[in-house]
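Trainee: mmCIF, C-alpha atoms, saved as protein-v8.cif, coming up:
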```
data_data
#
loop_
_atom_site.group_PDB
_atom_site.id
_atom_site.type_symbol
_atom_site.label_atom_id
_atom_site.label_comp_id
_atom_site.auth_asym_id
_atom_site.auth_seq_id
_atom_site.Cartn_x
_atom_site.Cartn_y
_atom_site.Cartn_z
ATOM 1 C CA MET O 83 1.028 23.523 0.288
ATOM 2 C CA ALA O 84 -1.719 22.370 -2.015
ATOM 3 C CA PHE O 85 -0.984 20.855 -5.407
ATOM 4 C CA LEU O 86 -3.763 21.410 -7.955
ATOM 5 C CA CYS O 87 -4.908 19.941 -11.233
ATOM 6 C CA GLN O 88 -7.664 21.553 -13.271
ATOM 7 C CA GLY O 89 -8.229 23.918 -10.360
ATOM 8 C CA ARG O 90 -8.891 21.127 -7.839
ATOM 9 C CA GLN O 91 -6.561 20.000 -5.108
ATOM 10 C CA ILE O 92 -5.125 16.524 -5.638
ATOM 11 C CA GLY O 93 -1.973 16.596 -3.527
ATOM 12 C CA TRP O 94 0.239 18.209 -0.911
ATOM 13 C CA ILE O 95 3.828 19.343 -1.417
ATOM 14 C CA ALA O 96 6.621 20.205 0.992
ATOM 15 C CA PRO O 97 8.460 23.566 0.761
ATOM 16 C CA PRO O 98 11.518 22.151 -1.093
ATOM 17 C CA ILE O 99 9.253 20.699 -3.789
ATOM 18 C CA ALA O 100 7.316 23.966 -3.936
ATOM 19 C CA GLN O 101 10.558 25.763 -4.726
ATOM 20 C CA VAL O 102 11.248 23.371 -7.593
ATOM 21 C CA LEU O 103 7.719 23.770 -8.983
ATOM 22 C CA GLU O 104 8.058 27.529 -8.812
ATOM 23 C CA THR O 105 11.189 27.389 -10.961
ATOM 24 C CA LEU O 106 9.152 25.309 -13.430
ATOM 25 C CA GLY O 107 6.521 28.047 -13.624
ATOM 26 C CA LEU O 108 3.852 26.070 -11.784
ATOM 27 C CA LYS O 109 3.031 28.522 -8.990
ATOM 28 C CA ARG O 110 -0.689 29.278 -8.797
ATOM 29 C CA ASP O 111 -1.252 32.195 -6.388
ATOM 30 C CA ARG O 112 -0.490 30.583 -2.995
ATOM 31 C CA ASN O 113 -0.565 27.058 -4.382
ATOM 32 C CA PHE O 114 1.062 25.057 -7.162
ATOM 33 C CA GLY O 115 -0.214 22.841 -9.918
ATOM 34 C CA VAL O 116 -0.957 22.064 -13.550
ATOM 35 C CA ALA O 117 -3.850 23.125 -15.712
ATOM 36 C CA LEU O 118 -4.545 19.755 -17.326
ATOM 37 C CA GLY O 119 -4.268 16.116 -16.327
ATOM 38 C CA ALA O 120 -2.195 15.485 -19.442
ATOM 39 C CA GLU O 121 0.578 17.591 -17.868
ATOM 40 C CA LEU O 122 0.980 15.259 -14.876
ATOM 41 C CA LEU O 123 3.080 12.581 -16.568
ATOM 42 C CA PRO O 124 5.537 15.015 -18.184
ATOM 43 C CA LEU O 125 5.873 16.775 -14.812
ATOM 44 C CA SER O 126 6.617 13.501 -13.042
ATOM 45 C CA ARG O 127 9.321 12.755 -15.606
ATOM 46 C CA THR O 128 10.822 16.196 -15.133
ATOM 47 C CA LEU O 129 10.970 15.660 -11.368
ATOM 48 C CA ARG O 130 12.669 12.326 -12.020
ATOM 49 C CA ASP O 131 15.228 13.985 -14.304
ATOM 50 C CA LEU O 132 15.921 16.550 -11.572
ATOM 51 C CA GLY O 133 16.811 13.703 -9.222
ATOM 52 C CA LEU O 134 13.874 14.098 -6.836
ATOM 53 C CA TYR O 135 13.056 10.388 -7.044
ATOM 54 C CA THR O 136 14.135 7.227 -8.844
ATOM 55 C CA SER O 137 11.725 5.969 -11.466
ATOM 56 C CA HIS O 138 9.712 2.831 -10.769
ATOM 57 C CA ASP O 139 9.009 2.393 -14.495
ATOM 58 C CA GLU O 140 5.366 1.937 -13.544
ATOM 59 C CA LEU O 141 2.475 4.319 -14.090
ATOM 60 C CA PHE O 142 -0.254 5.004 -11.532
ATOM 61 C CA ASP O 143 -3.571 6.714 -12.177
ATOM 62 C CA VAL O 144 -4.202 10.076 -10.517
ATOM 63 C CA ARG O 145 -7.825 10.530 -9.479
ATOM 64 C CA ASP O 146 -9.893 13.425 -8.225
ATOM 65 C CA GLU O 147 -12.067 13.306 -5.102
ATOM 66 C CA ASN O 148 -14.805 11.540 -7.102
ATOM 67 C CA GLY O 149 -12.506 8.794 -8.357
ATOM 68 C CA ILE O 150 -12.306 10.194 -11.883
ATOM 69 C CA VAL O 151 -8.923 9.552 -13.519
ATOM 70 C CA LEU O 152 -7.244 12.853 -14.399
ATOM 71 C CA GLY O 153 -3.970 11.472 -15.724
ATOM 72 C CA GLN O 154 -0.991 9.317 -14.837
ATOM 73 C CA VAL O 155 2.362 9.747 -13.107
ATOM 74 C CA ASP O 156 5.395 7.594 -12.492
ATOM 75 C CA ARG O 157 4.783 5.703 -9.256
ATOM 76 C CA GLY O 158 7.850 7.279 -7.647
ATOM 77 C CA ALA O 159 6.398 10.781 -8.040
ATOM 78 C CA ILE O 160 3.298 10.027 -5.975
ATOM 79 C CA PRO O 161 4.777 10.778 -2.509
ATOM 80 C CA VAL O 162 6.808 13.676 -3.907
ATOM 81 C CA LEU O 163 3.567 15.414 -4.905
ATOM 82 C CA GLY O 164 1.536 13.989 -2.008
ATOM 83 C CA LEU O 165 -0.917 12.315 -4.361
ATOM 84 C CA ALA O 166 -3.381 9.651 -3.267
ATOM 85 C CA ALA O 167 -2.589 6.107 -4.382
ATOM 86 C CA GLU O 168 -4.295 2.741 -4.070
ATOM 87 C CA GLY O 169 -2.971 -0.720 -3.372
ATOM 88 C CA VAL O 170 -3.958 -4.202 -2.236
ATOM 89 C CA HIS O 171 -2.967 -6.316 0.783
ATOM 90 C CA LEU O 172 -3.878 -9.975 1.029
ATOM 91 C CA ASN O 173 -3.957 -12.072 4.192
ATOM 92 C CA GLY O 174 -2.929 -15.586 3.163
ATOM 93 C CA LEU O 175 -4.734 -17.702 5.767
ATOM 94 C CA VAL O 176 -4.452 -21.415 6.526
ATOM 95 C CA GLU O 177 -6.987 -23.062 8.840
ATOM 96 C CA ARG O 178 -5.429 -26.086 10.562
ATOM 97 C CA GLU O 179 -6.542 -28.382 13.346
ATOM 98 C CA ASP O 180 -4.114 -26.591 15.674
ATOM 99 C CA GLY O 181 -5.427 -23.120 14.817
ATOM 100 C CA LEU O 182 -5.249 -20.255 12.347
ATOM 101 C CA PHE O 183 -1.976 -19.594 10.540
ATOM 102 C CA LEU O 184 -0.836 -16.691 8.344
ATOM 103 C CA TRP O 185 1.698 -16.732 5.542
ATOM 104 C CA VAL O 186 4.248 -13.945 6.081
ATOM 105 C CA ALA O 187 6.830 -12.792 3.553
ATOM 106 C CA ARG O 188 10.239 -11.272 4.269
ATOM 107 C CA ARG O 189 11.043 -8.545 1.778
ATOM 108 C CA SER O 190 14.189 -8.852 -0.272
ATOM 109 C CA MET O 191 17.175 -6.831 0.926
ATOM 110 C CA ASN O 192 17.373 -5.186 -2.502
ATOM 111 C CA LYS O 193 13.881 -3.674 -2.196
ATOM 112 C CA ARG O 194 13.913 0.095 -2.505
ATOM 113 C CA LEU O 195 11.553 0.627 0.439
ATOM 114 C CA ASP O 196 11.724 -1.235 3.760
ATOM 115 C CA PRO O 197 14.222 -3.925 2.704
ATOM 116 C CA GLY O 198 14.236 -6.996 4.914
ATOM 117 C CA LYS O 199 10.969 -6.113 6.644
ATOM 118 C CA LEU O 200 8.142 -8.596 7.114
ATOM 119 C CA ASP O 201 5.219 -8.194 4.736
ATOM 120 C CA HIS O 202 1.985 -9.767 3.621
ATOM 121 C CA LEU O 203 2.043 -12.827 1.409
ATOM 122 C CA VAL O 204 0.724 -10.551 -1.356
ATOM 123 C CA ALA O 205 0.744 -6.745 -1.435
ATOM 124 C CA GLY O 206 1.243 -4.187 -4.151
ATOM 125 C CA GLY O 207 0.259 -0.902 -5.676
ATOM 126 C CA MET O 208 -2.562 -0.570 -8.190
ATOM 127 C CA SER O 209 -1.061 0.218 -11.586
ATOM 128 C CA ALA O 210 -2.762 2.496 -14.094
ATOM 129 C CA GLY O 211 -5.879 0.980 -15.644
ATOM 130 C CA LEU O 212 -6.337 -1.762 -13.058
ATOM 131 C CA ASP O 213 -8.925 -2.286 -10.335
ATOM 132 C CA PRO O 214 -8.349 -3.897 -6.905
ATOM 133 C CA GLN O 215 -9.573 -7.387 -7.873
ATOM 134 C CA THR O 216 -7.405 -7.491 -10.995
ATOM 135 C CA THR O 217 -4.442 -6.226 -8.988
ATOM 136 C CA VAL O 218 -4.866 -8.958 -6.352
ATOM 137 C CA ILE O 219 -4.850 -11.689 -9.008
ATOM 138 C CA LYS O 220 -1.855 -10.157 -10.791
ATOM 139 C CA GLU O 221 0.203 -9.611 -7.625
ATOM 140 C CA ALA O 222 -0.706 -13.041 -6.221
ATOM 141 C CA GLN O 223 0.808 -14.748 -9.243
ATOM 142 C CA GLU O 224 3.888 -12.515 -9.381
ATOM 143 C CA GLU O 225 4.704 -12.394 -5.684
ATOM 144 C CA ALA O 226 3.674 -15.822 -4.387
ATOM 145 C CA GLY O 227 2.928 -18.085 -7.354
ATOM 146 C CA ILE O 228 -0.770 -18.288 -6.472
ATOM 147 C CA PRO O 229 -2.750 -19.510 -9.506
ATOM 148 C CA ALA O 230 -5.326 -17.044 -10.821
ATOM 149 C CA PRO O 231 -8.365 -19.302 -10.115
ATOM 150 C CA LEU O 232 -7.316 -19.599 -6.456
ATOM 151 C CA ALA O 233 -6.475 -15.888 -6.132
ATOM 152 C CA ALA O 234 -9.884 -15.023 -7.605
ATOM 153 C CA THR O 235 -11.536 -16.548 -4.514
ATOM 154 C CA ALA O 236 -9.996 -13.873 -2.251
ATOM 155 C CA LYS O 237 -12.665 -11.950 -0.349
ATOM 156 C CA ALA O 238 -12.634 -8.157 -0.086
ATOM 157 C CA VAL O 239 -12.902 -7.437 3.647
ATOM 158 C CA SER O 240 -11.757 -3.894 4.412
ATOM 159 C CA ARG O 241 -10.633 -0.574 3.016
ATOM 160 C CA ILE O 242 -8.061 1.408 5.003
ATOM 161 C CA ALA O 243 -6.814 4.914 4.218
ATOM 162 C CA TYR O 244 -3.914 6.680 5.900
ATOM 163 C CA ALA O 245 -1.536 9.614 5.517
ATOM 164 C CA LEU O 246 2.070 9.400 6.689
ATOM 165 C CA GLU O 247 5.278 11.308 6.106
ATOM 166 C CA ARG O 248 8.040 9.010 4.981
ATOM 167 C CA PRO O 249 11.590 9.532 3.674
ATOM 168 C CA GLU O 250 10.233 9.304 0.120
ATOM 169 C CA GLY O 251 7.571 11.960 0.804
ATOM 170 C CA LEU O 252 3.930 12.075 1.864
ATOM 171 C CA ARG O 253 2.157 8.724 1.581
ATOM 172 C CA ARG O 254 -1.627 9.024 1.168
ATOM 173 C CA ASP O 255 -2.671 5.477 0.469
ATOM 174 C CA VAL O 256 -5.916 3.541 0.254
ATOM 175 C CA LEU O 257 -5.412 -0.157 0.980
ATOM 176 C CA HIS O 258 -7.963 -2.636 -0.358
ATOM 177 C CA CYS O 259 -7.694 -5.586 2.029
ATOM 178 C CA TYR O 260 -8.472 -9.199 1.136
ATOM 179 C CA ASP O 261 -8.588 -12.555 2.933
ATOM 180 C CA LEU O 262 -7.617 -15.672 1.002
ATOM 181 C CA SER O 263 -8.074 -19.165 2.447
ATOM 182 C CA LEU O 264 -5.227 -21.391 1.275
ATOM 183 C CA PRO O 265 -4.946 -25.173 1.397
ATOM 184 C CA GLU O 266 -2.559 -26.648 3.956
ATOM 185 C CA ASP O 267 -0.292 -28.032 1.242
ATOM 186 C CA PHE O 268 0.116 -24.702 -0.563
ATOM 187 C CA ILE O 269 3.715 -23.462 -0.702
ATOM 188 C CA PRO O 270 4.276 -19.910 -2.017
ATOM 189 C CA ILE O 271 6.923 -19.250 -4.639
ATOM 190 C CA ALA O 272 8.481 -15.814 -5.131
ATOM 191 C CA GLU O 273 8.310 -15.443 -8.907
ATOM 192 C CA ASP O 274 9.390 -11.792 -9.150
ATOM 193 C CA GLY O 275 12.390 -11.825 -6.796
ATOM 194 C CA GLU O 276 10.871 -9.311 -4.385
ATOM 195 C CA VAL O 277 10.627 -11.761 -1.473
ATOM 196 C CA GLU O 278 13.549 -13.314 0.373
ATOM 197 C CA SER O 279 11.555 -16.025 2.150
ATOM 198 C CA PHE O 280 8.072 -17.106 3.244
ATOM 199 C CA HIS O 281 7.024 -18.254 6.717
ATOM 200 C CA LEU O 282 3.794 -19.834 7.929
ATOM 201 C CA LEU O 283 3.184 -18.496 11.448
ATOM 202 C CA PRO O 284 0.482 -19.063 14.060
ATOM 203 C CA ILE O 285 -1.741 -16.007 14.202
ATOM 204 C CA GLN O 286 -0.854 -15.464 17.877
ATOM 205 C CA ASP O 287 2.845 -15.231 16.949
ATOM 206 C CA VAL O 288 1.973 -12.625 14.316
ATOM 207 C CA MET O 289 0.052 -10.643 16.942
ATOM 208 C CA THR O 290 3.106 -10.698 19.208
ATOM 209 C CA LEU O 291 5.333 -9.397 16.414
ATOM 210 C CA VAL O 292 2.911 -6.546 15.681
ATOM 211 C CA ARG O 293 2.588 -5.663 19.366
ATOM 212 C CA ASP O 294 6.226 -5.921 20.432
ATOM 213 C CA THR O 295 8.380 -5.182 17.377
ATOM 214 C CA ASP O 296 8.769 -3.014 14.289
ATOM 215 C CA ASP O 297 9.561 -6.040 12.134
ATOM 216 C CA PHE O 298 6.661 -5.508 9.725
ATOM 217 C CA LYS O 299 6.636 -2.966 6.917
ATOM 218 C CA PHE O 300 5.027 0.222 8.213
ATOM 219 C CA ASN O 301 1.557 -0.123 6.667
ATOM 220 C CA VAL O 302 1.177 -3.891 7.112
ATOM 221 C CA ASN O 303 0.401 -3.441 10.811
ATOM 222 C CA LEU O 304 -2.847 -1.610 10.009
ATOM 223 C CA VAL O 305 -4.118 -4.459 7.859
ATOM 224 C CA LEU O 306 -3.071 -7.068 10.409
ATOM 225 C CA ILE O 307 -4.780 -5.268 13.300
ATOM 226 C CA ASP O 308 -7.923 -5.154 11.170
ATOM 227 C CA LEU O 309 -7.571 -8.917 10.672
ATOM 228 C CA PHE O 310 -7.126 -9.517 14.410
ATOM 229 C CA VAL O 311 -10.238 -7.468 15.159
ATOM 230 C CA ARG O 312 -12.335 -9.315 12.583
ATOM 231 C CA ARG O 313 -11.148 -12.669 13.938
ATOM 232 C CA ASN O 314 -12.165 -11.701 17.493
ATOM 233 C CA LEU O 315 -8.637 -12.049 18.853
ATOM 234 C CA PHE O 316 -8.991 -9.099 21.253
ATOM 235 C CA THR O 317 -11.176 -8.481 24.260
ATOM 236 C CA PRO O 318 -14.394 -6.628 23.344
ATOM 237 C CA GLU O 319 -13.079 -3.414 24.963
ATOM 238 C CA THR O 320 -9.788 -3.509 23.077
ATOM 239 C CA ALA O 321 -11.514 -4.413 19.816
ATOM 240 C CA ALA O 322 -13.861 -1.422 20.173
ATOM 241 C CA ALA O 323 -10.925 0.926 20.771
ATOM 242 C CA LEU O 324 -9.037 -0.447 17.781
ATOM 243 C CA ARG O 325 -12.069 -0.203 15.493
ATOM 244 C CA GLN O 326 -12.370 3.426 16.508
ATOM 245 C CA ALA O 327 -8.684 4.025 15.830
ATOM 246 C CA LEU O 328 -8.810 2.306 12.440
ATOM 247 C CA SER O 329 -11.839 4.393 11.480
ATOM 248 C CA GLY O 330 -9.888 7.582 12.185
ATOM 249 C CA LYS O 331 -12.353 8.679 14.855
ATOM 250 C CA THR O 332 -11.460 9.968 18.313
ATOM 251 C CA ALA O 333 -13.259 9.295 21.546
#
```
Output the structure of this file as structure tokens.
Mentor:
Amino acid sequence: MAFLCQGRQIGWIAPPIAQVLETLGLKRDRNFGVALGAELLPLSRTLRDLGLYTSHDELFDVRDENGIVLGQVDRGAIPVLGLAAEGVHLNGLVEREDGLFLWVARRSMNKRLDPGKLDHLVAGGMSAGLDPQTTVIKEAQEEAGIPAPLAATAKAVSRIAYALERPEGLRRDVLHCYDLSLPEDFIPIAEDGEVESFHLLPIQDVMTLVRDTDDFKFNVNLVLIDLFVRRNLFTPETAAALRQALSGKTA
């Protein structure tokens, strides 16, 4: 069912959440919602207090269809209310004489979501008040010890949106994708404790992992396939089919 703010739909909620919102007096005819953006943050805290999610202690902006910020919510409430969120993914690339390599991170086992899964060198959600470029620089320092001047050279290459039901709720994410060329002697350092280890892998080995396993965190595969397409690592026929799939279009 639709979740509204200021009379406009901004999210989707499952029946159990609808029941909770009804008890909170937020039923609006056939839908549910709040009248003002200022009510979003208190609502997210109420849902946290009711045990519907565990707080991330991080605020995310909630935007309308035109990108206008309506208010903020705790990051953990986003999938509960089916709100759209934005994040960044960075391909850490190393060009060597023996080919193209990609830095891959293994997520810490104490991560709340997808512990132990493979991930990008740098990836993270876009906190309230930030833009994609600022988020890349911030996350690069925190997650891999990449100095800000080097991170600032990352190139914006793609924008991928998806919707997916997950255990935590409905994920409706927009991923701002970046490529960063790193020197051969660069060694990442996990400064925030969210990464267990880093591995520099030949791009063909990464392709095999994406094709044959579920080792990567669920949304990383989309960004990697986009990278493989842009690097001409598929046959023209396969690349065309994948571009179509990534664009959300059907034949």
Trainee: Please provide the set of residues having any atom within 12 Å of Met289 (chain O), restricted to only C-alpha atoms, with same-chain residues fewer than 3 positions apart removed, written as a list in words.
Mentor: Leu182, Phe183, Leu184, Leu283, Pro284, Ile285, Gln286, Val292, Arg293, Asp294, Thr295, Asp296, Asp297, Phe298, Val302, Asn303, Leu304, Val305, Leu306, Ile307, Asp308, Leu309, Phe310, Val311, Arg313, Leu315 and Phe316 of chain O
Trainee: Export, as a PDB file, in the frame of the given file, the selected residues with C-alpha atoms.
Mentor:
```pdb
ATOM      1  CA  LEU O 182      -5.249 -20.255  12.347  1.00  0.00           C
ATOM      2  CA  PHE O 183      -1.976 -19.594  10.540  1.00  0.00           C
ATOM      3  CA  LEU O 184      -0.836 -16.691   8.344  1.00  0.00           C
ATOM      4  CA  LEU O 283       3.184 -18.496  11.448  1.00  0.00           C
ATOM      5  CA  PRO O 284       0.482 -19.063  14.060  1.00  0.00           C
ATOM      6  CA  ILE O 285      -1.741 -16.007  14.202  1.00  0.00           C
ATOM      7  CA  GLN O 286      -0.854 -15.464  17.877  1.00  0.00           C
ATOM      8  CA  VAL O 292       2.911  -6.546  15.681  1.00  0.00           C
ATOM      9  CA  ARG O 293       2.588  -5.663  19.366  1.00  0.00           C
ATOM     10  CA  ASP O 294       6.226  -5.921  20.432  1.00  0.00           C
ATOM     11  CA  THR O 295       8.380  -5.182  17.377  1.00  0.00           C
ATOM     12  CA  ASP O 296       8.769  -3.014  14.289  1.00  0.00           C
ATOM     13  CA  ASP O 297       9.561  -6.040  12.134  1.00  0.00           C
ATOM     14  CA  PHE O 298       6.661  -5.508   9.725  1.00  0.00           C
ATOM     15  CA  VAL O 302       1.177  -3.891   7.112  1.00  0.00           C
ATOM     16  CA  ASN O 303       0.401  -3.441  10.811  1.00  0.00           C
ATOM     17  CA  LEU O 304      -2.847  -1.610  10.009  1.00  0.00           C
ATOM     18  CA  VAL O 305      -4.118  -4.459   7.859  1.00  0.00           C
ATOM     19  CA  LEU O 306      -3.071  -7.068  10.409  1.00  0.00           C
ATOM     20  CA  ILE O 307      -4.780  -5.268  13.300  1.00  0.00           C
ATOM     21  CA  ASP O 308      -7.923  -5.154  11.170  1.00  0.00           C
ATOM     22  CA  LEU O 309      -7.571  -8.917  10.672  1.00  0.00           C
ATOM     23  CA  PHE O 310      -7.126  -9.517  14.410  1.00  0.00           C
ATOM     24  CA  VAL O 311     -10.238  -7.468  15.159  1.00  0.00           C
ATOM     25  CA  ARG O 313     -11.148 -12.669  13.938  1.00  0.00           C
ATOM     26  CA  LEU O 315      -8.637 -12.049  18.853  1.00  0.00           C
ATOM     27  CA  PHE O 316      -8.991  -9.099  21.253  1.00  0.00           C
TER      28      PHE O 316
END
```
Trainee: Exactly which residues make up the result of the PyMOL selection byres ((chain O and resi 164) around 10) on this file, given as an mmCIF file with C-alpha atoms, in the frame of the given file?
Mentor:
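Writing the result to expr_9.cif gives the following:
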```cif
data_model
loop_
_atom_site.group_PDB
_atom_site.id
_atom_site.type_symbol
_atom_site.label_atom_id
_atom_site.label_comp_id
_atom_site.auth_asym_id
_atom_site.auth_seq_id
_atom_site.Cartn_x
_atom_site.Cartn_y
_atom_site.Cartn_z
ATOM 1 C CA MET O 83 1.028 23.523 0.288
ATOM 2 C CA ALA O 84 -1.719 22.370 -2.015
ATOM 3 C CA PHE O 85 -0.984 20.855 -5.407
ATOM 4 C CA ILE O 92 -5.125 16.524 -5.638
ATOM 5 C CA GLY O 93 -1.973 16.596 -3.527
ATOM 6 C CA TRP O 94 0.239 18.209 -0.911
ATOM 7 C CA ILE O 95 3.828 19.343 -1.417
ATOM 8 C CA ALA O 96 6.621 20.205 0.992
ATOM 9 C CA ALA O 159 6.398 10.781 -8.040
ATOM 10 C CA ILE O 160 3.298 10.027 -5.975
ATOM 11 C CA PRO O 161 4.777 10.778 -2.509
ATOM 12 C CA VAL O 162 6.808 13.676 -3.907
ATOM 13 C CA LEU O 163 3.567 15.414 -4.905
ATOM 14 C CA LEU O 165 -0.917 12.315 -4.361
ATOM 15 C CA ALA O 166 -3.381 9.651 -3.267
ATOM 16 C CA ALA O 167 -2.589 6.107 -4.382
ATOM 17 C CA ALA O 245 -1.536 9.614 5.517
ATOM 18 C CA LEU O 246 2.070 9.400 6.689
ATOM 19 C CA GLU O 247 5.278 11.308 6.106
ATOM 20 C CA GLY O 251 7.571 11.960 0.804
ATOM 21 C CA LEU O 252 3.930 12.075 1.864
ATOM 22 C CA ARG O 253 2.157 8.724 1.581
ATOM 23 C CA ARG O 254 -1.627 9.024 1.168
ATOM 24 C CA ASP O 255 -2.671 5.477 0.469
#
```
Trainee: Might you pull out every residue within 12 Å of Leu282 (chain O), with only C-alpha atoms counted and same-chain residues fewer than 4 positions away left off, and present them as a PDB file with C-alpha atoms, in the frame of the given file?
Mentor:
```
ATOM      1  CA  ASN O 173      -3.957 -12.072   4.192  1.00  0.00           C
ATOM      2  CA  GLY O 174      -2.929 -15.586   3.163  1.00  0.00           C
ATOM      3  CA  LEU O 175      -4.734 -17.702   5.767  1.00  0.00           C
ATOM      4  CA  VAL O 176      -4.452 -21.415   6.526  1.00  0.00           C
ATOM      5  CA  GLU O 177      -6.987 -23.062   8.840  1.00  0.00           C
ATOM      6  CA  ARG O 178      -5.429 -26.086  10.562  1.00  0.00           C
ATOM      7  CA  GLY O 181      -5.427 -23.120  14.817  1.00  0.00           C
ATOM      8  CA  LEU O 182      -5.249 -20.255  12.347  1.00  0.00           C
ATOM      9  CA  PHE O 183      -1.976 -19.594  10.540  1.00  0.00           C
ATOM     10  CA  LEU O 184      -0.836 -16.691   8.344  1.00  0.00           C
ATOM     11  CA  TRP O 185       1.698 -16.732   5.542  1.00  0.00           C
ATOM     12  CA  VAL O 186       4.248 -13.945   6.081  1.00  0.00           C
ATOM     13  CA  ALA O 187       6.830 -12.792   3.553  1.00  0.00           C
ATOM     14  CA  ARG O 188      10.239 -11.272   4.269  1.00  0.00           C
ATOM     15  CA  HIS O 202       1.985  -9.767   3.621  1.00  0.00           C
ATOM     16  CA  LEU O 203       2.043 -12.827   1.409  1.00  0.00           C
ATOM     17  CA  LEU O 264      -5.227 -21.391   1.275  1.00  0.00           C
ATOM     18  CA  GLU O 266      -2.559 -26.648   3.956  1.00  0.00           C
ATOM     19  CA  ASP O 267      -0.292 -28.032   1.242  1.00  0.00           C
ATOM     20  CA  PHE O 268       0.116 -24.702  -0.563  1.00  0.00           C
ATOM     21  CA  ILE O 269       3.715 -23.462  -0.702  1.00  0.00           C
ATOM     22  CA  PRO O 270       4.276 -19.910  -2.017  1.00  0.00           C
ATOM     23  CA  GLN O 286      -0.854 -15.464  17.877  1.00  0.00           C
ATOM     24  CA  ASP O 287       2.845 -15.231  16.949  1.00  0.00           C
ATOM     25  CA  VAL O 288       1.973 -12.625  14.316  1.00  0.00           C
TER      26      VAL O 288
END
```
Trainee: Leaving out Leu103 (chain O) and any residue of its chain fewer than 4 positions from it, which residues lie within 10 Å of it when counting only C-alpha atoms, given as number ranges by chain?
Mentor: O: 85, 95, 97-99, 107-109, 114-116, 125, 129
Trainee: Looking at all atoms listed in the file, which of O:Glu121, O:Glu224, O:Asp131, O:Glu250 is the one that sits closest to Gly153 (chain O)?
Mentor: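 Of O:Glu121, O:Glu224, O:Asp131, O:Glu250, the one nearest Gly153 (chain O), counting all atoms listed in the file, is O:Glu121.
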Trainee: Could you tell me how far CA of Gly149 (chain O) lies from CA of Lys299 (chain O), in Å and to one decimal?
Mentor: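 Distance between the two atoms: 27.2 Å.
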Trainee: Here's the selection I'm unsure about, the PyMOL selection byres ((chain O and resi 262) around 10); applied to the file above, which residues does it give, as a PyMOL selection string?
Mentor: chain O and resi 172-176+232-238+260-261+263-265
Trainee: If you measure from CA of Asp143 (chain O) to CA of Ala210 (chain O), what distance in Å do you get, rounded to one decimal?
Mentor: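 Separation between CA of Asp143 (chain O) and CA of Ala210 (chain O): 4.7 Å.
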Trainee: Which of these, O:Glu273, O:Asp139, O:Asp213, O:Asp146, has the shortest distance to Leu86 (chain O) once you count all atoms listed in the file?
Mentor: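 The answer is O:Asp146, which sits nearest to Leu86 (chain O).
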Trainee: Would you mind listing what lies within 10 Å of Asn301 (chain O) as a PyMOL selection string, with only C-alpha atoms counted and same-chain residues fewer than 6 positions away left out?
Mentor: chain O and resi 171+201+242+244+246+255+257
Trainee: Would you write out, as an MDAnalysis selection string, every residue that the PyMOL selection byres ((chain O and resi 258) around 6) captures in this file?
Mentor: chainID O and resid 170 241 257 259
Trainee: Please report the interatomic distance between CA of Gly207 (chain O) and CA of Arg325 (chain O) in Å with one decimal.
Mentor: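 Answer for the CA of Gly207 (chain O) to CA of Arg325 (chain O) separation: 24.5 Å.
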Trainee: Ranking O:Ala230, O:Lys199, O:Leu212, O:Glu221 by minimum distance to Glu278 (chain O) and counting all atoms listed in the file, which one comes first?
Mentor: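 Of O:Ala230, O:Lys199, O:Leu212, O:Glu221, the one nearest Glu278 (chain O), counting all atoms listed in the file, is O:Lys199.
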Trainee: Rank O:Thr320, O:Asn192, O:Ser329, O:Asn113 by their smallest atom-to-atom distance to Glu276 (chain O), using all atoms listed in the file, and report the top residue only.
Mentor: O:Asn192
Trainee: With distances taken over all atoms listed in the file, which residue among O:Ala222, O:Val256, O:Val277, O:Ala272 lies nearest Leu200 (chain O)?
Mentor: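 Nearest candidate to Leu200 (chain O) out of O:Ala222, O:Val256, O:Val277, O:Ala272: O:Val277.
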Trainee: Which is closest to Arg127 (chain O) among O:Ala323, O:Cys87, O:Ala205, O:Val155, if we use all atoms listed in the file?
Mentor: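 Among O:Ala323, O:Cys87, O:Ala205, O:Val155, it is O:Val155 that comes nearest to Arg127 (chain O).
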Trainee: Save region 122-145 of chain O to a file: C-alpha atoms, as an mmCIF file, in the first residue's frame.
Mentor:
```cif
data_model
loop_
_atom_site.group_PDB
_atom_site.id
_atom_site.type_symbol
_atom_site.label_atom_id
_atom_site.label_comp_id
_atom_site.auth_asym_id
_atom_site.auth_seq_id
_atom_site.Cartn_x
_atom_site.Cartn_y
_atom_site.Cartn_z
ATOM 1 C CA LEU O 122 8.770 11.700 9.189
ATOM 2 C CA LEU O 123 11.601 11.663 11.724
ATOM 3 C CA PRO O 124 9.344 11.317 14.784
ATOM 4 C CA LEU O 125 7.486 8.508 12.984
ATOM 5 C CA SER O 126 10.730 6.686 12.229
ATOM 6 C CA ARG O 127 11.691 6.922 15.898
ATOM 7 C CA THR O 128 8.311 5.583 16.946
ATOM 8 C CA LEU O 129 8.723 2.601 14.618
ATOM 9 C CA ARG O 130 12.155 2.026 16.141
ATOM 10 C CA ASP O 131 10.699 2.131 19.660
ATOM 11 C CA LEU O 132 8.077 -0.421 18.592
ATOM 12 C CA GLY O 133 10.881 -2.784 17.602
ATOM 13 C CA LEU O 134 10.265 -2.733 13.849
ATOM 14 C CA TYR O 135 13.936 -2.033 13.138
ATOM 15 C CA THR O 136 17.205 -1.331 14.932
ATOM 16 C CA SER O 137 18.437 2.231 14.691
ATOM 17 C CA HIS O 138 21.450 3.000 12.520
ATOM 18 C CA ASP O 139 21.982 6.312 14.342
ATOM 19 C CA GLU O 140 22.231 7.919 10.915
ATOM 20 C CA LEU O 141 19.735 10.183 9.190
ATOM 21 C CA PHE O 142 18.834 9.967 5.503
ATOM 22 C CA ASP O 143 16.991 12.582 3.476
ATOM 23 C CA VAL O 144 13.548 11.699 2.126
ATOM 24 C CA ARG O 145 12.887 13.224 -1.287
#
```
